[in-house]
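Undergrad: Just so it is clear, I am handing over my_file-v3.pdb, which has PDB, C-alpha atoms, pLDDT in the B column.
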```pdb
ATOM      1  CA  MET Y   1       9.577  18.398   4.910  1.00 89.00           C
ATOM      2  CA  LEU Y   2      12.167  17.265   2.382  1.00 94.00           C
ATOM      3  CA  SER Y   3      14.126  19.754   0.348  1.00 95.00           C
ATOM      4  CA  PRO Y   4      13.445  19.778  -3.412  1.00 94.00           C
ATOM      5  CA  GLU Y   5      16.946  18.351  -3.967  1.00 96.00           C
ATOM      6  CA  GLU Y   6      16.331  15.469  -1.549  1.00 97.00           C
ATOM      7  CA  ARG Y   7      12.992  14.732  -3.230  1.00 97.00           C
ATOM      8  CA  ARG Y   8      14.645  14.641  -6.650  1.00 97.00           C
ATOM      9  CA  ARG Y   9      17.332  12.296  -5.301  1.00 98.00           C
ATOM     10  CA  ARG Y  10      14.738   9.949  -3.817  1.00 98.00           C
ATOM     11  CA  ILE Y  11      12.555  10.018  -6.940  1.00 98.00           C
ATOM     12  CA  GLN Y  12      15.646   9.196  -9.002  1.00 98.00           C
ATOM     13  CA  SER Y  13      16.325   6.247  -6.692  1.00 97.00           C
ATOM     14  CA  ILE Y  14      12.781   5.028  -7.415  1.00 97.00           C
ATOM     15  CA  LYS Y  15      13.453   5.353 -11.156  1.00 97.00           C
ATOM     16  CA  ASN Y  16      16.735   3.451 -10.842  1.00 97.00           C
ATOM     17  CA  PHE Y  17      15.491   0.703  -8.552  1.00 98.00           C
ATOM     18  CA  PRO Y  18      14.142  -1.814 -11.118  1.00 98.00           C
ATOM     19  CA  ASN Y  19      17.429  -1.806 -13.048  1.00 97.00           C
ATOM     20  CA  GLN Y  20      19.448  -2.146  -9.843  1.00 97.00           C
ATOM     21  CA  LEU Y  21      17.224  -5.025  -8.794  1.00 97.00           C
ATOM     22  CA  ARG Y  22      17.610  -6.772 -12.162  1.00 97.00           C
ATOM     23  CA  GLU Y  23      21.385  -6.377 -11.950  1.00 95.00           C
ATOM     24  CA  GLN Y  24      21.526  -7.953  -8.506  1.00 94.00           C
ATOM     25  CA  LEU Y  25      19.169 -10.755  -9.471  1.00 95.00           C
ATOM     26  CA  SER Y  26      21.249 -11.620 -12.538  1.00 93.00           C
ATOM     27  CA  ALA Y  27      23.960 -12.965 -10.206  1.00 89.00           C
ATOM     28  CA  ILE Y  28      21.570 -15.305  -8.380  1.00 90.00           C
ATOM     29  CA  SER Y  29      20.690 -18.803  -9.589  1.00 88.00           C
ATOM     30  CA  ASP Y  30      17.182 -20.185  -9.436  1.00 83.00           C
ATOM     31  CA  ALA Y  31      18.240 -22.454  -6.557  1.00 84.00           C
ATOM     32  CA  GLN Y  32      19.554 -19.430  -4.661  1.00 87.00           C
ATOM     33  CA  MET Y  33      16.180 -17.744  -5.160  1.00 91.00           C
ATOM     34  CA  ASN Y  34      14.800 -20.305  -2.725  1.00 90.00           C
ATOM     35  CA  THR Y  35      17.490 -19.710  -0.102  1.00 87.00           C
ATOM     36  CA  PRO Y  36      16.828 -17.308   2.762  1.00 88.00           C
ATOM     37  CA  TYR Y  37      19.119 -14.297   2.663  1.00 83.00           C
ATOM     38  CA  ARG Y  38      19.592 -14.702   6.439  1.00 83.00           C
ATOM     39  CA  PRO Y  39      18.689 -17.399   8.990  1.00 85.00           C
ATOM     40  CA  ASP Y  40      14.921 -17.458   9.576  1.00 86.00           C
ATOM     41  CA  GLY Y  41      14.462 -14.798   6.874  1.00 88.00           C
ATOM     42  CA  TRP Y  42      12.567 -14.788   3.630  1.00 92.00           C
ATOM     43  CA  THR Y  43      13.981 -16.355   0.509  1.00 93.00           C
ATOM     44  CA  VAL Y  44      15.221 -14.046  -2.218  1.00 94.00           C
ATOM     45  CA  ARG Y  45      12.115 -15.054  -4.206  1.00 95.00           C
ATOM     46  CA  GLN Y  46       9.867 -13.948  -1.331  1.00 95.00           C
ATOM     47  CA  VAL Y  47      11.758 -10.647  -1.049  1.00 96.00           C
ATOM     48  CA  VAL Y  48      11.204  -9.890  -4.743  1.00 97.00           C
ATOM     49  CA  HIS Y  49       7.499 -10.678  -4.521  1.00 97.00           C
ATOM     50  CA  HIS Y  50       7.287  -8.677  -1.278  1.00 97.00           C
ATOM     51  CA  LEU Y  51       8.788  -5.678  -3.076  1.00 97.00           C
ATOM     52  CA  ALA Y  52       6.051  -5.831  -5.712  1.00 97.00           C
ATOM     53  CA  ASP Y  53       3.349  -6.178  -3.040  1.00 97.00           C
ATOM     54  CA  ALA Y  54       4.720  -3.422  -0.809  1.00 97.00           C
ATOM     55  CA  HIS Y  55       5.389  -0.950  -3.608  1.00 98.00           C
ATOM     56  CA  ALA Y  56       1.944  -1.504  -5.112  1.00 97.00           C
ATOM     57  CA  ASN Y  57       0.486  -0.715  -1.694  1.00 96.00           C
ATOM     58  CA  THR Y  58       2.650   2.399  -1.360  1.00 97.00           C
ATOM     59  CA  TYR Y  59       1.647   3.567  -4.834  1.00 97.00           C
ATOM     60  CA  ILE Y  60      -2.041   3.256  -3.900  1.00 97.00           C
ATOM     61  CA  ARG Y  61      -1.425   5.040  -0.588  1.00 97.00           C
ATOM     62  CA  MET Y  62       0.253   7.914  -2.423  1.00 98.00           C
ATOM     63  CA  LYS Y  63      -2.623   8.210  -4.875  1.00 98.00           C
ATOM     64  CA  LEU Y  64      -5.087   8.234  -1.975  1.00 98.00           C
ATOM     65  CA  VAL Y  65      -3.120  10.995  -0.242  1.00 98.00           C
ATOM     66  CA  LEU Y  66      -3.116  13.017  -3.462  1.00 98.00           C
ATOM     67  CA  THR Y  67      -6.842  12.651  -4.077  1.00 98.00           C
ATOM     68  CA  GLU Y  68      -8.492  12.485  -0.651  1.00 98.00           C
ATOM     69  CA  ASP Y  69      -8.308  14.503   2.554  1.00 97.00           C
ATOM     70  CA  ASN Y  70      -6.226  12.601   5.127  1.00 98.00           C
ATOM     71  CA  PRO Y  71      -7.369   9.143   3.961  1.00 98.00           C
ATOM     72  CA  PRO Y  72      -6.825   5.997   5.999  1.00 98.00           C
ATOM     73  CA  LEU Y  73      -3.716   4.138   4.798  1.00 97.00           C
ATOM     74  CA  LYS Y  74      -4.550   0.467   5.099  1.00 94.00           C
ATOM     75  CA  THR Y  75      -1.930  -1.995   6.287  1.00 94.00           C
ATOM     76  CA  TYR Y  76      -1.559  -5.594   5.166  1.00 94.00           C
ATOM     77  CA  GLN Y  77      -0.093  -8.752   6.667  1.00 95.00           C
ATOM     78  CA  GLN Y  78       3.192  -8.882   4.750  1.00 94.00           C
ATOM     79  CA  GLU Y  79       4.394 -11.995   6.585  1.00 93.00           C
ATOM     80  CA  ASP Y  80       1.220 -13.827   5.564  1.00 95.00           C
ATOM     81  CA  TRP Y  81       1.379 -12.510   2.000  1.00 95.00           C
ATOM     82  CA  ALA Y  82       4.950 -13.863   1.692  1.00 94.00           C
ATOM     83  CA  THR Y  83       3.732 -17.380   2.484  1.00 92.00           C
ATOM     84  CA  LEU Y  84       1.008 -17.442  -0.184  1.00 95.00           C
ATOM     85  CA  PRO Y  85       1.786 -19.643  -3.223  1.00 94.00           C
ATOM     86  CA  ASP Y  86       2.666 -16.694  -5.474  1.00 93.00           C
ATOM     87  CA  GLY Y  87       5.145 -15.423  -2.880  1.00 92.00           C
ATOM     88  CA  ARG Y  88       6.813 -18.741  -2.142  1.00 90.00           C
ATOM     89  CA  ALA Y  89       7.033 -20.520  -5.466  1.00 90.00           C
ATOM     90  CA  TYR Y  90       6.124 -18.348  -8.458  1.00 93.00           C
ATOM     91  CA  SER Y  91       8.747 -17.052 -10.879  1.00 92.00           C
ATOM     92  CA  ILE Y  92      10.044 -13.587 -10.006  1.00 95.00           C
ATOM     93  CA  ASP Y  93       9.646 -12.386 -13.604  1.00 95.00           C
ATOM     94  CA  ALA Y  94       6.117 -11.059 -13.141  1.00 96.00           C
ATOM     95  CA  SER Y  95       7.068  -9.150  -9.993  1.00 97.00           C
ATOM     96  CA  VAL Y  96      10.167  -7.663 -11.625  1.00 97.00           C
ATOM     97  CA  GLN Y  97       8.056  -6.545 -14.600  1.00 97.00           C
ATOM     98  CA  MET Y  98       5.444  -5.180 -12.229  1.00 97.00           C
ATOM     99  CA  LEU Y  99       8.088  -3.193 -10.364  1.00 98.00           C
ATOM    100  CA  GLN Y 100       9.456  -1.790 -13.632  1.00 98.00           C
ATOM    101  CA  GLY Y 101       6.091  -0.392 -14.698  1.00 98.00           C
ATOM    102  CA  LEU Y 102       5.057   0.651 -11.213  1.00 98.00           C
ATOM    103  CA  HIS Y 103       8.285   2.559 -10.572  1.00 98.00           C
ATOM    104  CA  GLU Y 104       8.173   4.271 -13.959  1.00 98.00           C
ATOM    105  CA  ARG Y 105       4.629   5.397 -13.313  1.00 97.00           C
ATOM    106  CA  LEU Y 106       5.288   6.409  -9.711  1.00 98.00           C
ATOM    107  CA  ALA Y 107       8.388   8.406 -10.625  1.00 98.00           C
ATOM    108  CA  TYR Y 108       6.459  10.202 -13.375  1.00 98.00           C
ATOM    109  CA  LEU Y 109       3.651  11.031 -10.966  1.00 98.00           C
ATOM    110  CA  LEU Y 110       6.007  12.328  -8.281  1.00 98.00           C
ATOM    111  CA  ASP Y 111       7.999  14.361 -10.818  1.00 96.00           C
ATOM    112  CA  HIS Y 112       4.822  16.149 -11.908  1.00 97.00           C
ATOM    113  CA  ILE Y 113       2.941  17.050  -8.749  1.00 96.00           C
ATOM    114  CA  PRO Y 114       2.928  20.604  -7.402  1.00 95.00           C
ATOM    115  CA  ASP Y 115       5.157  21.396  -4.422  1.00 94.00           C
ATOM    116  CA  VAL Y 116       2.131  22.014  -2.198  1.00 95.00           C
ATOM    117  CA  SER Y 117       1.107  18.348  -2.592  1.00 96.00           C
ATOM    118  CA  TRP Y 118       4.094  17.076  -0.627  1.00 97.00           C
ATOM    119  CA  SER Y 119       2.519  18.149   2.654  1.00 96.00           C
ATOM    120  CA  ARG Y 120      -0.739  16.268   2.013  1.00 98.00           C
ATOM    121  CA  THR Y 121      -1.390  13.578   4.605  1.00 98.00           C
ATOM    122  CA  GLY Y 122      -2.884  10.169   5.217  1.00 98.00           C
ATOM    123  CA  MET Y 123      -3.522   8.347   8.493  1.00 98.00           C
ATOM    124  CA  HIS Y 124      -1.538   5.155   8.983  1.00 97.00           C
ATOM    125  CA  PRO Y 125      -2.916   2.995  11.830  1.00 96.00           C
ATOM    126  CA  GLU Y 126       0.576   2.180  13.158  1.00 94.00           C
ATOM    127  CA  ARG Y 127       2.633   5.251  12.208  1.00 95.00           C
ATOM    128  CA  GLY Y 128       0.013   7.969  12.581  1.00 97.00           C
ATOM    129  CA  ILE Y 129      -0.139  10.927  10.208  1.00 97.00           C
ATOM    130  CA  MET Y 130       2.126  10.493   7.190  1.00 97.00           C
ATOM    131  CA  THR Y 131       2.828  13.106   4.539  1.00 98.00           C
ATOM    132  CA  LEU Y 132       3.548  12.351   0.922  1.00 97.00           C
ATOM    133  CA  ASP Y 133       7.173  13.195   1.774  1.00 97.00           C
ATOM    134  CA  ASP Y 134       7.072  10.504   4.485  1.00 97.00           C
ATOM    135  CA  LEU Y 135       5.772   7.965   1.999  1.00 97.00           C
ATOM    136  CA  LEU Y 136       8.533   8.894  -0.455  1.00 98.00           C
ATOM    137  CA  VAL Y 137      11.166   8.369   2.232  1.00 98.00           C
ATOM    138  CA  THR Y 138       9.580   5.058   3.189  1.00 97.00           C
ATOM    139  CA  ILE Y 139       9.574   3.607  -0.321  1.00 97.00           C
ATOM    140  CA  SER Y 140      13.046   4.846  -1.237  1.00 97.00           C
ATOM    141  CA  ASN Y 141      14.461   3.417   2.006  1.00 97.00           C
ATOM    142  CA  HIS Y 142      12.570   0.190   1.374  1.00 97.00           C
ATOM    143  CA  CYS Y 143      14.277  -0.142  -2.016  1.00 97.00           C
ATOM    144  CA  ALA Y 144      17.732   0.306  -0.490  1.00 96.00           C
ATOM    145  CA  THR Y 145      17.068  -2.065   2.403  1.00 95.00           C
ATOM    146  CA  HIS Y 146      15.924  -4.929   0.213  1.00 94.00           C
ATOM    147  CA  LEU Y 147      18.690  -4.426  -2.334  1.00 94.00           C
ATOM    148  CA  GLN Y 148      21.053  -4.988   0.606  1.00 92.00           C
ATOM    149  CA  HIS Y 149      19.136  -8.124   1.606  1.00 89.00           C
ATOM    150  CA  ILE Y 150      19.431  -9.561  -1.898  1.00 90.00           C
ATOM    151  CA  GLU Y 151      23.127  -8.704  -1.952  1.00 87.00           C
ATOM    152  CA  GLN Y 152      23.478 -10.825   1.195  1.00 83.00           C
ATOM    153  CA  ALA Y 153      22.043 -13.877  -0.576  1.00 79.00           C
ATOM    154  CA  PRO Y 154      24.278 -16.912  -0.081  1.00 72.00           C
ATOM    155  CA  SER Y 155      26.658 -17.497  -2.988  1.00 62.00           C
ATOM    156  CA  SER Y 156      25.355 -14.534  -4.969  1.00 47.00           C
ATOM    157  CA  GLY Y 157      28.863 -13.863  -6.203  1.00 46.00           C
ATOM    158  CA  ARG Y 158      29.427 -10.873  -3.960  1.00 42.00           C
TER     159      ARG Y 158
END
```
Output the structure of this file as C-alpha coordinates.
TA:
Amino acid sequence: MLSPEERRRRIQSIKNFPNQLREQLSAISDAQMNTPYRPDGWTVRQVVHHLADAHANTYIRMKLVLTEDNPPLKTYQQEDWATLPDGRAYSIDASVQMLQGLHERLAYLLDHIPDVSWSRTGMHPERGIMTLDDLLVTISNHCATHLQHIEQAPSSGR
(Lines of atoms letter the chains of each structure in order from A and count residues from 1; the text may use other names and numbers.)
(Lines give C-alpha, C1' and ligand atoms only; values in the text may rest on other atoms or scores of the structure.)
Protein backbone atom coordinates (compact mmCIF):
# COMPACT_ATOMS: atom_id res chain seq x y z
CA MET A 1 0.00 0.00 0.00
CA LEU A 2 1.24 3.48 -0.84
CA SER A 3 1.92 6.02 1.86
CA PRO A 4 -0.38 9.07 1.93
CA GLU A 5 2.58 11.22 0.81
CA GLU A 6 3.30 8.96 -2.18
CA ARG A 7 -0.39 9.02 -3.14
CA ARG A 8 -0.44 12.81 -3.00
CA ARG A 9 2.70 12.95 -5.15
CA ARG A 10 1.20 10.62 -7.75
CA ILE A 11 -2.15 12.43 -7.78
CA GLN A 12 -0.27 15.70 -8.28
CA SER A 13 1.56 14.12 -11.22
CA ILE A 14 -1.85 13.26 -12.71
CA LYS A 15 -2.95 16.88 -12.23
CA ASN A 16 0.23 18.18 -13.86
CA PHE A 17 0.32 15.75 -16.77
CA PRO A 18 -1.87 17.60 -19.31
CA ASN A 19 0.19 20.79 -18.98
CA GLN A 20 3.45 18.85 -19.24
CA LEU A 21 2.12 17.10 -22.32
CA ARG A 22 1.06 20.38 -23.94
CA GLU A 23 4.49 21.85 -23.23
CA GLN A 24 6.26 18.94 -24.88
CA LEU A 25 3.90 18.92 -27.85
CA SER A 26 4.43 22.64 -28.45
CA ALA A 27 7.98 21.85 -29.63
CA ILE A 28 6.82 19.30 -32.21
CA SER A 29 5.71 20.20 -35.73
CA ASP A 30 2.74 18.59 -37.41
CA ALA A 31 5.12 16.63 -39.66
CA GLN A 32 6.95 15.34 -36.59
CA MET A 33 3.61 14.17 -35.18
CA ASN A 34 3.64 11.54 -37.91
CA THR A 35 7.18 10.36 -37.16
CA PRO A 36 7.72 7.36 -34.90
CA TYR A 37 9.53 8.28 -31.71
CA ARG A 38 11.68 5.15 -32.18
CA PRO A 39 12.19 2.63 -35.01
CA ASP A 40 9.10 0.43 -35.40
CA GLY A 41 7.31 2.48 -32.71
CA TRP A 42 4.16 4.53 -32.77
CA THR A 43 4.12 8.04 -34.13
CA VAL A 44 3.85 10.89 -31.65
CA ARG A 45 0.25 11.34 -32.86
CA GLN A 46 -0.53 7.70 -32.03
CA VAL A 47 1.08 8.09 -28.59
CA VAL A 48 -1.12 11.09 -27.78
CA HIS A 49 -4.28 9.29 -28.88
CA HIS A 50 -3.13 6.18 -26.99
CA LEU A 51 -2.79 8.27 -23.83
CA ALA A 52 -6.40 9.41 -24.14
CA ASP A 53 -7.59 5.84 -24.78
CA ALA A 54 -5.54 4.29 -21.99
CA HIS A 55 -6.35 6.93 -19.39
CA ALA A 56 -10.06 6.78 -20.19
CA ASN A 57 -9.88 3.02 -19.62
CA THR A 58 -7.99 3.50 -16.34
CA TYR A 59 -10.52 6.08 -15.17
CA ILE A 60 -13.37 3.62 -15.81
CA ARG A 61 -11.44 0.83 -14.07
CA MET A 62 -10.95 3.04 -11.02
CA LYS A 63 -14.63 3.93 -10.90
CA LEU A 64 -15.53 0.24 -11.16
CA VAL A 65 -13.17 -0.60 -8.29
CA LEU A 66 -14.74 2.15 -6.19
CA THR A 67 -18.31 1.06 -6.85
CA GLU A 68 -18.23 -2.73 -7.25
CA ASP A 69 -16.75 -5.63 -5.31
CA ASN A 70 -13.62 -6.88 -7.10
CA PRO A 71 -14.95 -6.14 -10.61
CA PRO A 72 -13.35 -7.52 -13.75
CA LEU A 73 -11.01 -4.95 -15.31
CA LYS A 74 -11.38 -5.36 -19.05
CA THR A 75 -8.36 -5.10 -21.31
CA TYR A 76 -8.31 -3.71 -24.84
CA GLN A 77 -6.13 -4.20 -27.90
CA GLN A 78 -4.06 -1.02 -27.70
CA GLU A 79 -1.97 -1.93 -30.75
CA ASP A 80 -5.14 -2.32 -32.82
CA TRP A 81 -6.68 0.85 -31.39
CA ALA A 82 -3.56 2.81 -32.44
CA THR A 83 -4.07 1.77 -36.06
CA LEU A 84 -7.69 2.94 -36.28
CA PRO A 85 -8.22 6.14 -38.32
CA ASP A 86 -8.64 8.36 -35.25
CA GLY A 87 -5.34 7.07 -33.85
CA ARG A 88 -3.31 7.36 -37.03
CA ALA A 89 -4.50 10.54 -38.70
CA TYR A 90 -6.79 12.67 -36.53
CA SER A 91 -5.62 15.92 -34.95
CA ILE A 92 -4.29 15.50 -31.42
CA ASP A 93 -6.34 18.47 -30.15
CA ALA A 94 -9.36 16.40 -29.14
CA SER A 95 -7.21 13.89 -27.24
CA VAL A 96 -5.28 16.64 -25.46
CA GLN A 97 -8.57 18.28 -24.44
CA MET A 98 -9.91 14.92 -23.36
CA LEU A 99 -6.84 14.31 -21.21
CA GLN A 100 -7.18 17.75 -19.61
CA GLY A 101 -10.75 17.12 -18.47
CA LEU A 102 -10.17 13.48 -17.62
CA HIS A 103 -7.12 14.23 -15.46
CA GLU A 104 -8.85 17.10 -13.67
CA ARG A 105 -11.79 14.87 -12.87
CA LEU A 106 -9.64 11.88 -11.90
CA ALA A 107 -7.42 13.96 -9.63
CA TYR A 108 -10.48 15.44 -7.93
CA LEU A 109 -11.96 11.99 -7.40
CA LEU A 110 -8.73 10.56 -5.98
CA ASP A 111 -8.22 13.59 -3.72
CA HIS A 112 -11.66 13.03 -2.18
CA ILE A 113 -11.97 9.32 -1.52
CA PRO A 114 -11.60 7.89 1.98
CA ASP A 115 -8.32 6.18 2.87
CA VAL A 116 -10.06 2.80 3.17
CA SER A 117 -10.92 2.92 -0.55
CA TRP A 118 -7.29 2.58 -1.62
CA SER A 119 -7.29 -1.12 -0.78
CA ARG A 120 -10.36 -1.88 -2.90
CA THR A 121 -9.61 -4.32 -5.71
CA GLY A 122 -10.45 -5.32 -9.25
CA MET A 123 -9.44 -8.42 -11.20
CA HIS A 124 -7.25 -7.78 -14.23
CA PRO A 125 -7.06 -10.80 -16.58
CA GLU A 126 -3.30 -10.38 -17.13
CA ARG A 127 -2.09 -8.80 -13.87
CA GLY A 128 -4.42 -10.47 -11.40
CA ILE A 129 -5.81 -8.60 -8.40
CA MET A 130 -5.12 -4.87 -8.56
CA THR A 131 -5.85 -2.35 -5.82
CA LEU A 132 -6.79 1.25 -6.42
CA ASP A 133 -3.23 2.05 -5.30
CA ASP A 134 -1.93 -0.25 -8.06
CA LEU A 135 -4.05 1.55 -10.63
CA LEU A 136 -2.75 4.91 -9.41
CA VAL A 137 0.84 3.72 -9.78
CA THR A 138 0.06 2.36 -13.24
CA ILE A 139 -1.43 5.58 -14.59
CA SER A 140 1.18 7.87 -13.04
CA ASN A 141 3.98 5.70 -14.44
CA HIS A 142 2.21 5.62 -17.79
CA CYS A 143 2.23 9.43 -17.89
CA ALA A 144 5.97 9.58 -17.19
CA THR A 145 6.83 6.84 -19.69
CA HIS A 146 5.00 8.47 -22.58
CA LEU A 147 6.29 11.94 -21.78
CA GLN A 148 9.75 10.41 -22.22
CA HIS A 149 8.69 8.85 -25.53
CA ILE A 150 7.47 12.20 -26.84
CA GLU A 151 10.68 13.85 -25.68
CA GLN A 152 12.54 11.32 -27.85
CA ALA A 153 10.66 12.45 -30.96
CA PRO A 154 13.06 13.20 -33.81
CA SER A 155 13.91 16.89 -34.11
CA SER A 156 11.68 17.89 -31.22
CA GLY A 157 14.21 20.52 -30.22
CA ARG A 158 15.53 18.58 -27.26
Undergrad: Any idea what the distance is between atom CA of Val48 of chain Y and atom CA of Val96 of chain Y?
TA: 7.3 Å
Undergrad: Apply the PyMOL selection byres ((chain Y and resi 2) around 10) to the displayed file and report the matching residues as a PDB file with C-alpha atoms, keeping the file's coordinate frame.
TA:
```
ATOM      1  CA  MET Y   1       9.577  18.398   4.910  1.00 89.00           C
ATOM      2  CA  SER Y   3      14.126  19.754   0.348  1.00 95.00           C
ATOM      3  CA  PRO Y   4      13.445  19.778  -3.412  1.00 94.00           C
ATOM      4  CA  GLU Y   5      16.946  18.351  -3.967  1.00 96.00           C
ATOM      5  CA  GLU Y   6      16.331  15.469  -1.549  1.00 97.00           C
ATOM      6  CA  ARG Y   7      12.992  14.732  -3.230  1.00 97.00           C
ATOM      7  CA  ARG Y   8      14.645  14.641  -6.650  1.00 97.00           C
ATOM      8  CA  ARG Y  10      14.738   9.949  -3.817  1.00 98.00           C
ATOM      9  CA  TRP Y 118       4.094  17.076  -0.627  1.00 97.00           C
ATOM     10  CA  SER Y 119       2.519  18.149   2.654  1.00 96.00           C
ATOM     11  CA  ASP Y 133       7.173  13.195   1.774  1.00 97.00           C
ATOM     12  CA  ASP Y 134       7.072  10.504   4.485  1.00 97.00           C
ATOM     13  CA  LEU Y 136       8.533   8.894  -0.455  1.00 98.00           C
ATOM     14  CA  VAL Y 137      11.166   8.369   2.232  1.00 98.00           C
TER      15      VAL Y 137
END
```
Undergrad: Hey, what's within 12 Å of Glu104 of chain Y if we count all atoms listed in the file and toss same-chain stuff fewer than 3 positions away? As a VMD selection string, please?
TA: chain Y and resid 11 to 19 55 59 97 to 101 107 to 111
Undergrad: Which residues, written as a list in words, have at least one atom at most 12 Å from Arg88 of chain Y, with all atoms listed in the file counted and residues fewer than 5 positions away on the same chain left out?
TA: Met33, Asn34, Thr35, Pro36, Trp42, Thr43, Val44, Arg45, Gln46, Val47, Val48, His49, His50, Glu79, Asp80, Trp81, Ala82 and Thr83 of chain Y
Undergrad: Determine the nearest neighbour of Leu147 of chain Y from the options Y:Ser117, Y:Gln20, Y:Gln78, Y:Ser26, counting only C-alpha atoms.
TA: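 Comparing Y:Ser117, Y:Gln20, Y:Gln78, Y:Ser26 against Leu147 of chain Y, the winner is Y:Gln20.
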Undergrad: Between Y:Val116, Y:Ile92, Y:Leu135, Y:Lys63, single out the one closest to Leu25 of chain Y, counting only C-alpha atoms.
TA: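 So, comparing all the options, the nearest one is Y:Ile92.
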Undergrad: Determine, counting only C-alpha atoms, which protein, DNA and RNA residues have an atom within 8 Å of an atom of Val65 of chain Y; residues of the same chain fewer than 4 positions away are not included. Present the result as an MDAnalysis selection string.
TA: chainID Y and resid 61 69:71 120:122 131:132
Undergrad: Save the residues we just selected, C-alpha atoms, as a short mmCIF file (atom, residue, chain, number, x, y, z; two decimals), keeping the file's coordinate frame?
TA:
```
data_model
loop_
_atom_site.label_atom_id
_atom_site.label_comp_id
_atom_site.auth_asym_id
_atom_site.auth_seq_id
_atom_site.Cartn_x
_atom_site.Cartn_y
_atom_site.Cartn_z
CA ARG Y 61 -1.42 5.04 -0.59
CA ASP Y 69 -8.31 14.50 2.55
CA ASN Y 70 -6.23 12.60 5.13
CA PRO Y 71 -7.37 9.14 3.96
CA ARG Y 120 -0.74 16.27 2.01
CA THR Y 121 -1.39 13.58 4.61
CA GLY Y 122 -2.88 10.17 5.22
CA THR Y 131 2.83 13.11 4.54
CA LEU Y 132 3.55 12.35 0.92
#
```
Undergrad: Using the chain letters and numbers from this file, what does the PyMOL selection byres ((chain Y and resi 58) around 10) select? Give the answer as a PyMOL selection string.
TA: chain Y and resi 52-57+59-64+73-75+106+135-136+138-139
Undergrad: Quick one: distance from atom CA of His146 of chain Y to atom CA of Leu102 of chain Y in Å, one decimal?
TA: 16.7 Å
